[in-house]
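Q: Below is the structure I would like to discuss, written out as C-alpha cells.
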Amino acid sequence: MTRKQHGEMLQPLASFEVAMPRRILFGRGKHRQAAEMILQQGNRVLLVHGADAQRASWLMEALGDADVQAFACKGEPDLAQVEAALETAREFNPQLVVALGGGAALDLGKALAALVPASRPVTDYLEIVGNGLPIQEAPLPFIAIPTTSGTGSEATKNAVIGVPGHRRKVSLRDQRMLANLVIVDPALTDHCPRNVKLASGLDAITQLIEPYISARANPYTDSLCLNALPLALAAIRVLSEREDATARDVMSWASLCSGLALANAGLGAVHGFAGVIGGITGAPHGEICASLLPAVLETNHRAMLETGLDTSRMDHVAKLIASEFKVPDANAFPALASWSAIAGIRSLTELGLAESDFAQVSGEARYSSSMSANPVELSTAQLRYILLRSCQ
C-alpha cells in the first residue's frame, strides 16, 4: 500500500475538550496516602462520609491532630440535607472538603465544596427547578475517595441533588467542581453488599455505553469506553456470584472510566429518565439505570435503523454484550434484561413507578440535559414504550 493510499484512510477529527480531575491515584493500597495528601491542602478538613461512620474511622485516625468536622450523608442528598450540611460547614469554615463513600457522599461533598464560598441560596444555582445561575466564587479544594464502583462521581463536574418539592433530581454544575485529587482504591470496595455492587456496577456499565453511542462521543471517551466496557461486563457477572478481588479492581477502573467518559461526552436516554424517576420514586439511582438500560438500547437501535442513522456503534455494543452472554448479536439486549432480572435488579414497577406517572416522566425526561446527547431523538410513544418494557 502506498503512502497516498494510507493517507486516504484517514478521517478528519472533530474538535473536543477534555475535563478531568487534577490528579488521580489508582490501585490497591493507595488509600494509605490519603491523610498525607489531604493535609498538604489544609488542616481544617470537612469530611463527608456515608451513613456508617465506622467506615471512615481509618481516615479520621490517620488525620491525627488535624481539625476535622465530619458529616454523615444519609442516602442520596436532597435539598434539605444540602442546606443543613452547608450551615454546619460554614460555621466550621473548612480549608478543604474530603468525601469518602459512595456516589451520594461524593455528590454531597462536591456540592459543599462549591457552595461553602458561594453567596446566594442553593436553589439559585440548581438546574431546571432553580435559576441555574453560575457560581461566581471559586470552590474549596475537593478530594474524592470512592468506596463503591458505579457512579463515577469522583471524576465529574456536577453533583446530583434531590428536590422533593418538585419530585426531581437535578444537578449543581460547574467546571471548577472537578476534584483536585481522586484516590481510587479498590480495596475500599471489598465486601460491599451484593445489591449495591450489582446496581452500582450496572450504572458504571450504562455510563460506559451511553458516552460511546452519544452524539458527543470523541476519541478520548471512545478509548475509555472501549477499553473498560468488555472488562466491566465480565467483572459484574463474577461479582454477582462471588467476592473476587480482581473483579473488584476491574469495576473500580470501569467506574472511574465511566465518570471521565460521561464528563466529556454526555449520557443519553437512560440518565434522561433516571433523574425524573428518582425524584418521583426515591429509588436508588443505579438500580433505576440498570432497569432501563436494555429497553433503551433496544429502542435506540430500532429508532436509528428507522431514521437511517449509522448504527455501527450500537452494533458494536450489542456484539460486546452478546459475546459476554454467549448469544447471537440480535439477542444481546434481551439477554442483558433477562440476566439483570435473574441477578436481582427490580423492574420500575417494583421500584415504585406507576403507569399513571408515564406522561410526566416522558415529558420531563425528553427535555433533560442527558437526553440531549442521546444518539437519536425519541418520540413520546418511544419513551413510553421504554417505560412499559422496563416495568415488566
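Ordering of the C-alpha cells sets the chain letters (A, B, ...), residue numbers begin anew at 1 in every chain, and ligands are numbered from 1 in the order given.
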Tell me, as an NGL selection string, which residues lie within 12 Å of segment 325-331 of chain A, counting only C-alpha atoms; anything in the same chain fewer than 5 positions away does not count.

A: :A and (230 or 233-234 or 236-237 or 294 or 297-298 or 301-302 or 314-320 or 336-340)

Q: Produce a file of the selected residues containing N, CA and C atoms, as a short mmCIF file (atom, residue, chain, number, x, y, z; two decimals), in the first residue's frame.

A:
data_model
loop_
_atom_site.label_atom_id
_atom_site.label_comp_id
_atom_site.auth_asym_id
_atom_site.auth_seq_id
_atom_site.Cartn_x
_atom_site.Cartn_y
_atom_site.Cartn_z
N PRO A 230 -15.92 -4.10 27.93
CA PRO A 230 -15.89 -5.58 27.97
C PRO A 230 -15.37 -6.12 29.30
N LEU A 233 -18.29 -5.84 31.84
CA LEU A 233 -19.33 -6.84 31.63
C LEU A 233 -18.93 -8.18 32.24
N ALA A 234 -17.67 -8.54 32.07
CA ALA A 234 -17.20 -9.79 32.66
C ALA A 234 -17.14 -9.70 34.18
N ILE A 236 -18.83 -7.76 36.33
CA ILE A 236 -20.11 -7.68 37.05
C ILE A 236 -20.74 -9.05 37.16
N ARG A 237 -20.53 -9.91 36.18
CA ARG A 237 -21.09 -11.25 36.26
C ARG A 237 -20.38 -12.05 37.35
N PRO A 294 -31.63 -2.11 29.12
CA PRO A 294 -31.93 -2.96 27.96
C PRO A 294 -32.99 -2.36 27.04
N LEU A 297 -31.57 0.62 25.02
CA LEU A 297 -30.70 0.18 23.93
C LEU A 297 -31.53 -0.38 22.77
N GLU A 298 -32.50 -1.21 23.08
CA GLU A 298 -33.36 -1.79 22.05
C GLU A 298 -34.09 -0.69 21.26
N HIS A 301 -31.72 1.50 19.12
CA HIS A 301 -31.26 0.76 17.93
C HIS A 301 -32.33 0.76 16.85
N ARG A 302 -33.56 0.46 17.24
CA ARG A 302 -34.65 0.41 16.27
C ARG A 302 -34.91 1.80 15.68
N MET A 314 -23.80 1.21 17.99
CA MET A 314 -24.79 0.40 18.69
C MET A 314 -24.58 -1.09 18.40
N ASP A 315 -24.25 -1.39 17.15
CA ASP A 315 -23.98 -2.78 16.78
C ASP A 315 -22.78 -3.32 17.55
N HIS A 316 -21.78 -2.48 17.76
CA HIS A 316 -20.59 -2.93 18.49
C HIS A 316 -20.92 -3.18 19.96
N VAL A 317 -21.75 -2.34 20.54
CA VAL A 317 -22.19 -2.57 21.92
C VAL A 317 -22.93 -3.90 22.01
N ALA A 318 -23.83 -4.14 21.05
CA ALA A 318 -24.57 -5.41 21.04
C ALA A 318 -23.62 -6.59 20.93
N LYS A 319 -22.60 -6.44 20.12
CA LYS A 319 -21.64 -7.53 19.93
C LYS A 319 -20.89 -7.82 21.23
N LEU A 320 -20.48 -6.78 21.96
CA LEU A 320 -19.77 -6.98 23.22
C LEU A 320 -20.66 -7.66 24.26
N LEU A 336 -29.33 -9.30 28.21
CA LEU A 336 -28.95 -8.42 29.31
C LEU A 336 -30.14 -8.20 30.26
N ALA A 337 -31.33 -7.99 29.69
CA ALA A 337 -32.52 -7.79 30.51
C ALA A 337 -32.82 -9.02 31.34
N SER A 338 -32.73 -10.19 30.73
CA SER A 338 -33.01 -11.44 31.44
C SER A 338 -32.01 -11.66 32.57
N TRP A 339 -30.74 -11.46 32.28
CA TRP A 339 -29.71 -11.67 33.30
C TRP A 339 -29.89 -10.68 34.46
N SER A 340 -30.17 -9.43 34.14
CA SER A 340 -30.34 -8.43 35.20
C SER A 340 -31.48 -8.81 36.14
#

Q: Enumerate, in order of chain and increasing residue number, the residues of segment 253-298 of chain A with an atom no farther than 8 Å from segment 205-228 of chain A, each with its shortest atom pair and distance in Å to one decimal, counting only C-alpha atoms, as a tab-separated table.

A:
residue	atom	partner	partner_atom	distance
A:Trp253	CA	A:Ala228	CA	7.4
A:Ala254	CA	A:Ala228	CA	5.2
A:Ser255	CA	A:Ile205	CA	7.9
A:Cys257	CA	A:Leu224	CA	5.7
A:Ser258	CA	A:Leu208	CA	5.0
A:Gly259	CA	A:Gln207	CA	7.2
A:Leu260	CA	A:Thr221	CA	7.5
A:Ala261	CA	A:Thr221	CA	4.9
A:Leu262	CA	A:Pro211	CA	5.6
A:Asn264	CA	A:Thr221	CA	6.9
A:Ala265	CA	A:Arg216	CA	4.9
A:Gly266	CA	A:Pro211	CA	5.7
A:Leu267	CA	A:Glu210	CA	4.9
A:Gly268	CA	A:Glu210	CA	5.6
A:Val270	CA	A:Thr206	CA	7.8
A:Cys289	CA	A:Thr206	CA	7.1
A:Ala290	CA	A:Thr206	CA	7.4
A:Leu293	CA	A:Thr206	CA	6.8

Q: Can you write out the residues you just picked, keeping N, CA and C atoms, as a JSON list (two decimals), in the first residue's frame?

A:
[["chain", "number", "residue", "atom", "x", "y", "z"],
["A", 253, "TRP", "N", -11.89, 0.43, 38.16],
["A", 253, "TRP", "CA", -11.35, 1.06, 36.94],
["A", 253, "TRP", "C", -12.48, 1.46, 35.99],
["A", 254, "ALA", "N", -13.45, 0.55, 35.81],
["A", 254, "ALA", "CA", -14.57, 0.83, 34.92],
["A", 254, "ALA", "C", -15.38, 2.02, 35.41],
["A", 255, "SER", "N", -15.59, 2.11, 36.72],
["A", 255, "SER", "CA", -16.34, 3.22, 37.28],
["A", 255, "SER", "C", -15.62, 4.54, 37.04],
["A", 257, "CYS", "N", -13.45, 5.19, 34.66],
["A", 257, "CYS", "CA", -13.54, 5.47, 33.22],
["A", 257, "CYS", "C", -14.91, 6.00, 32.85],
["A", 258, "SER", "N", -15.95, 5.44, 33.47],
["A", 258, "SER", "CA", -17.31, 5.90, 33.14],
["A", 258, "SER", "C", -17.51, 7.35, 33.55],
["A", 259, "GLY", "N", -16.96, 7.74, 34.70],
["A", 259, "GLY", "CA", -17.07, 9.13, 35.13],
["A", 259, "GLY", "C", -16.34, 10.07, 34.19],
["A", 260, "LEU", "N", -15.14, 9.68, 33.80],
["A", 260, "LEU", "CA", -14.36, 10.51, 32.86],
["A", 260, "LEU", "C", -15.08, 10.60, 31.51],
["A", 261, "ALA", "N", -15.68, 9.49, 31.08],
["A", 261, "ALA", "CA", -16.37, 9.47, 29.79],
["A", 261, "ALA", "C", -17.62, 10.35, 29.80],
["A", 262, "LEU", "N", -18.45, 10.19, 30.84],
["A", 262, "LEU", "CA", -19.69, 10.97, 30.86],
["A", 262, "LEU", "C", -19.41, 12.46, 31.03],
["A", 264, "ASN", "N", -17.20, 14.06, 29.63],
["A", 264, "ASN", "CA", -16.67, 14.62, 28.39],
["A", 264, "ASN", "C", -17.47, 14.28, 27.14],
["A", 265, "ALA", "N", -18.48, 13.40, 27.26],
["A", 265, "ALA", "CA", -19.30, 13.08, 26.10],
["A", 265, "ALA", "C", -20.79, 13.05, 26.41],
["A", 266, "GLY", "N", -21.15, 13.29, 27.65],
["A", 266, "GLY", "CA", -22.56, 13.26, 27.99],
["A", 266, "GLY", "C", -23.09, 11.84, 28.13],
["A", 267, "LEU", "N", -24.39, 11.74, 28.33],
["A", 267, "LEU", "CA", -25.01, 10.44, 28.57],
["A", 267, "LEU", "C", -26.10, 10.21, 27.53],
["A", 268, "GLY", "N", -27.31, 9.85, 27.96],
["A", 268, "GLY", "CA", -28.36, 9.56, 27.00],
["A", 268, "GLY", "C", -29.68, 9.31, 27.69],
["A", 270, "VAL", "N", -31.13, 6.76, 29.15],
["A", 270, "VAL", "CA", -31.21, 6.11, 30.46],
["A", 270, "VAL", "C", -31.14, 7.15, 31.57],
["A", 289, "CYS", "N", -31.18, 2.90, 36.60],
["A", 289, "CYS", "CA", -30.43, 2.83, 35.34],
["A", 289, "CYS", "C", -30.34, 1.39, 34.83],
["A", 290, "ALA", "N", -30.07, 0.46, 35.73],
["A", 290, "ALA", "CA", -29.95, -0.95, 35.33],
["A", 290, "ALA", "C", -31.27, -1.47, 34.78],
["A", 293, "LEU", "N", -31.78, 0.17, 31.13],
["A", 293, "LEU", "CA", -30.76, 0.04, 30.08],
["A", 293, "LEU", "C", -31.17, -0.86, 28.91]]

Q: Excluding same-chain residues fewer than 4 positions from Ile143 of chain A, what lies within 10 Å of it counting only C-alpha atoms, as JSON, numbers by chain?

A: {"A": [21, 23, 24, 34, 37, 38, 41, 47, 96, 97, 98, 99, 100, 106, 109, 110, 113, 154, 178, 179, 180, 181, 182, 183]}

Q: Near Ile128 of chain A, within 12 Å and counting only C-alpha atoms, which residues show up once chain neighbours fewer than 2 positions away are dropped, as a PyMOL selection string?

A: chain A and resi 123-126+130-133+161-163+166-173+275-276+364-365+367-369

Q: Show which residues sit within 8 Å of Gly201 of chain A, as a PyMOL selection string. Count only C-alpha atoms, and ignore same-chain residues fewer than 3 positions away.

A: chain A and resi 149-150+197-198+204-205+232+236+251+255+286

Q: Could those residues be written to a file, using N, CA and C atoms, as a PDB file, in the first residue's frame?

A:
ATOM      1  N   SER A 149     -18.165   1.112  43.365  1.00  0.00           N
ATOM      2  CA  SER A 149     -17.765   1.190  41.957  1.00  0.00           C
ATOM      3  C   SER A 149     -19.017   1.315  41.111  1.00  0.00           C
ATOM      4  N   GLY A 150     -19.315   2.549  40.692  1.00  0.00           N
ATOM      5  CA  GLY A 150     -20.505   2.694  39.882  1.00  0.00           C
ATOM      6  C   GLY A 150     -20.779   4.083  39.378  1.00  0.00           C
ATOM      7  N   LYS A 197     -23.245  -3.473  44.938  1.00  0.00           N
ATOM      8  CA  LYS A 197     -22.241  -3.682  43.891  1.00  0.00           C
ATOM      9  C   LYS A 197     -22.895  -4.008  42.554  1.00  0.00           C
ATOM     10  N   LEU A 198     -24.054  -4.695  42.585  1.00  0.00           N
ATOM     11  CA  LEU A 198     -24.730  -5.027  41.336  1.00  0.00           C
ATOM     12  C   LEU A 198     -25.327  -3.782  40.690  1.00  0.00           C
ATOM     13  N   ALA A 204     -22.257   1.879  36.199  1.00  0.00           N
ATOM     14  CA  ALA A 204     -20.986   2.141  35.517  1.00  0.00           C
ATOM     15  C   ALA A 204     -21.021   1.637  34.085  1.00  0.00           C
ATOM     16  N   ILE A 205     -21.591   0.443  33.892  1.00  0.00           N
ATOM     17  CA  ILE A 205     -21.696  -0.110  32.534  1.00  0.00           C
ATOM     18  C   ILE A 205     -22.564   0.790  31.664  1.00  0.00           C
ATOM     19  N   ALA A 232     -15.764  -4.656  32.226  1.00  0.00           N
ATOM     20  CA  ALA A 232     -16.815  -4.460  33.220  1.00  0.00           C
ATOM     21  C   ALA A 232     -17.931  -5.481  33.073  1.00  0.00           C
ATOM     22  N   ILE A 236     -18.835  -7.762  36.325  1.00  0.00           N
ATOM     23  CA  ILE A 236     -20.109  -7.679  37.045  1.00  0.00           C
ATOM     24  C   ILE A 236     -20.742  -9.054  37.161  1.00  0.00           C
ATOM     25  N   MET A 251     -13.891  -3.344  38.281  1.00  0.00           N
ATOM     26  CA  MET A 251     -15.056  -2.481  38.392  1.00  0.00           C
ATOM     27  C   MET A 251     -14.678  -1.087  38.883  1.00  0.00           C
ATOM     28  N   SER A 255     -15.589   2.108  36.716  1.00  0.00           N
ATOM     29  CA  SER A 255     -16.343   3.220  37.280  1.00  0.00           C
ATOM     30  C   SER A 255     -15.621   4.545  37.043  1.00  0.00           C
ATOM     31  N   GLY A 286     -28.663   3.780  40.737  1.00  0.00           N
ATOM     32  CA  GLY A 286     -28.026   2.717  39.967  1.00  0.00           C
ATOM     33  C   GLY A 286     -29.014   1.656  39.525  1.00  0.00           C
TER      34      GLY A 286
END

Q: My list of candidates is A:Leu79, A:Ala354, A:Ile321, A:Leu387. Which is closest to Pro334 of chain A when distances are computed with only C-alpha atoms?

A: A:Ile321

Q: Could you tell me how far atom CA of Gly102 of chain A lies from atom CA of Ser57 of chain A, in Å and to one decimal?

A: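 Computing the Euclidean distance for atom CA of Gly102 of chain A and atom CA of Ser57 of chain A yields 15.7 Å.
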
Q: Among segment 12-188 of chain A, which residues does DSSP mark as alpha helix (DSSP H) when it is run on the backbone? Keep the chain and numbering as in the structure and answer as a short mmCIF file (atom, residue, chain, number, x, y, z; two decimals) with C-alpha atoms, in the first residue's frame.

A:
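Wrote part26.cif, looks like this:
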data_model
loop_
_atom_site.label_atom_id
_atom_site.label_comp_id
_atom_site.auth_asym_id
_atom_site.auth_seq_id
_atom_site.Cartn_x
_atom_site.Cartn_y
_atom_site.Cartn_z
CA ALA A 34 -4.81 9.88 51.68
CA ALA A 35 -4.11 11.59 55.01
CA GLU A 36 -0.73 12.95 53.94
CA MET A 37 -2.14 14.30 50.69
CA ILE A 38 -5.18 15.81 52.41
CA LEU A 39 -3.02 17.68 54.91
CA SER A 57 -12.63 5.69 61.12
CA TRP A 58 -9.38 4.72 59.39
CA LEU A 59 -9.16 8.17 57.78
CA MET A 60 -10.11 10.04 60.95
CA GLU A 61 -7.33 8.23 62.81
CA ALA A 62 -4.83 8.85 60.02
CA LEU A 79 -32.05 19.97 49.09
CA ALA A 80 -32.80 19.91 52.82
CA GLN A 81 -29.74 17.77 53.56
CA VAL A 82 -27.51 20.01 51.45
CA GLU A 83 -28.78 23.14 53.19
CA ALA A 84 -28.32 21.60 56.66
CA ALA A 85 -24.82 20.40 55.83
CA LEU A 86 -23.97 23.78 54.34
CA GLU A 87 -24.93 25.56 57.56
CA THR A 88 -22.66 23.23 59.56
CA ALA A 89 -19.85 23.59 57.05
CA ARG A 90 -19.90 27.37 57.00
CA GLU A 91 -19.78 27.53 60.80
CA PHE A 92 -16.72 25.27 60.69
CA GLY A 103 -21.81 8.36 44.89
CA ALA A 104 -24.21 10.07 47.32
CA ALA A 105 -21.42 11.07 49.72
CA LEU A 106 -19.23 12.21 46.84
CA ASP A 107 -22.03 14.34 45.39
CA LEU A 108 -22.74 15.92 48.77
CA GLY A 109 -19.06 16.66 49.35
CA LYS A 110 -18.67 18.09 45.88
CA ALA A 111 -21.73 20.31 46.38
CA LEU A 112 -20.44 21.60 49.73
CA ALA A 113 -17.02 22.38 48.28
CA ALA A 114 -18.76 24.54 45.67
CA LEU A 115 -21.35 26.12 47.94
#

Q: What parts of segment 132-380 of chain A does DSSP call strand (DSSP E)? I'd like the answer as a list in words.

A: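 The strand (DSSP E) subset of segment 132-380 of chain A is Phe142, Ile143, Ala144, Ile145, Pro146, Asn158, Ala159, Val160, Ile161, Gly162, Val163, Arg168, Lys169, Val170, Ser171, Leu172, Arg173, Leu181, Val182, Ile183 and Val184 of chain A.
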
Q: If we count only C-alpha atoms and set the cut-off at 12 Å, which residues sit around Asp357 of chain A, ignoring sequence neighbours fewer than 4 positions away in its own chain? Please answer as a compact mmCIF listing (two decimals) with C-alpha atoms, in the first residue's frame.

A:
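Saved file around_21.txt follows:
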# COMPACT_ATOMS: atom_id res chain seq x y z
CA ARG A 167 -40.23 15.42 42.61
CA PHE A 273 -35.18 9.13 32.57
CA VAL A 276 -37.02 12.15 36.80
CA ILE A 277 -37.86 8.64 38.03
CA GLY A 279 -37.27 12.20 42.02
CA ILE A 280 -40.70 10.58 41.84
CA THR A 281 -39.91 7.23 43.47
CA LEU A 348 -39.51 0.06 37.51
CA THR A 349 -42.85 -1.12 38.88
CA GLY A 352 -42.28 2.39 42.73
CA LEU A 353 -43.12 3.80 39.28
CA VAL A 361 -41.78 11.07 33.23
CA SER A 362 -41.77 11.06 29.42
CA GLY A 363 -42.47 14.77 29.20
CA GLU A 364 -39.79 15.83 31.67
CA ALA A 365 -37.18 13.29 30.53
CA ARG A 384 -43.50 5.44 26.83
CA LEU A 387 -41.04 2.74 30.45
CA LEU A 388 -43.56 -0.01 29.73
CA CYS A 391 -41.85 -2.02 34.20
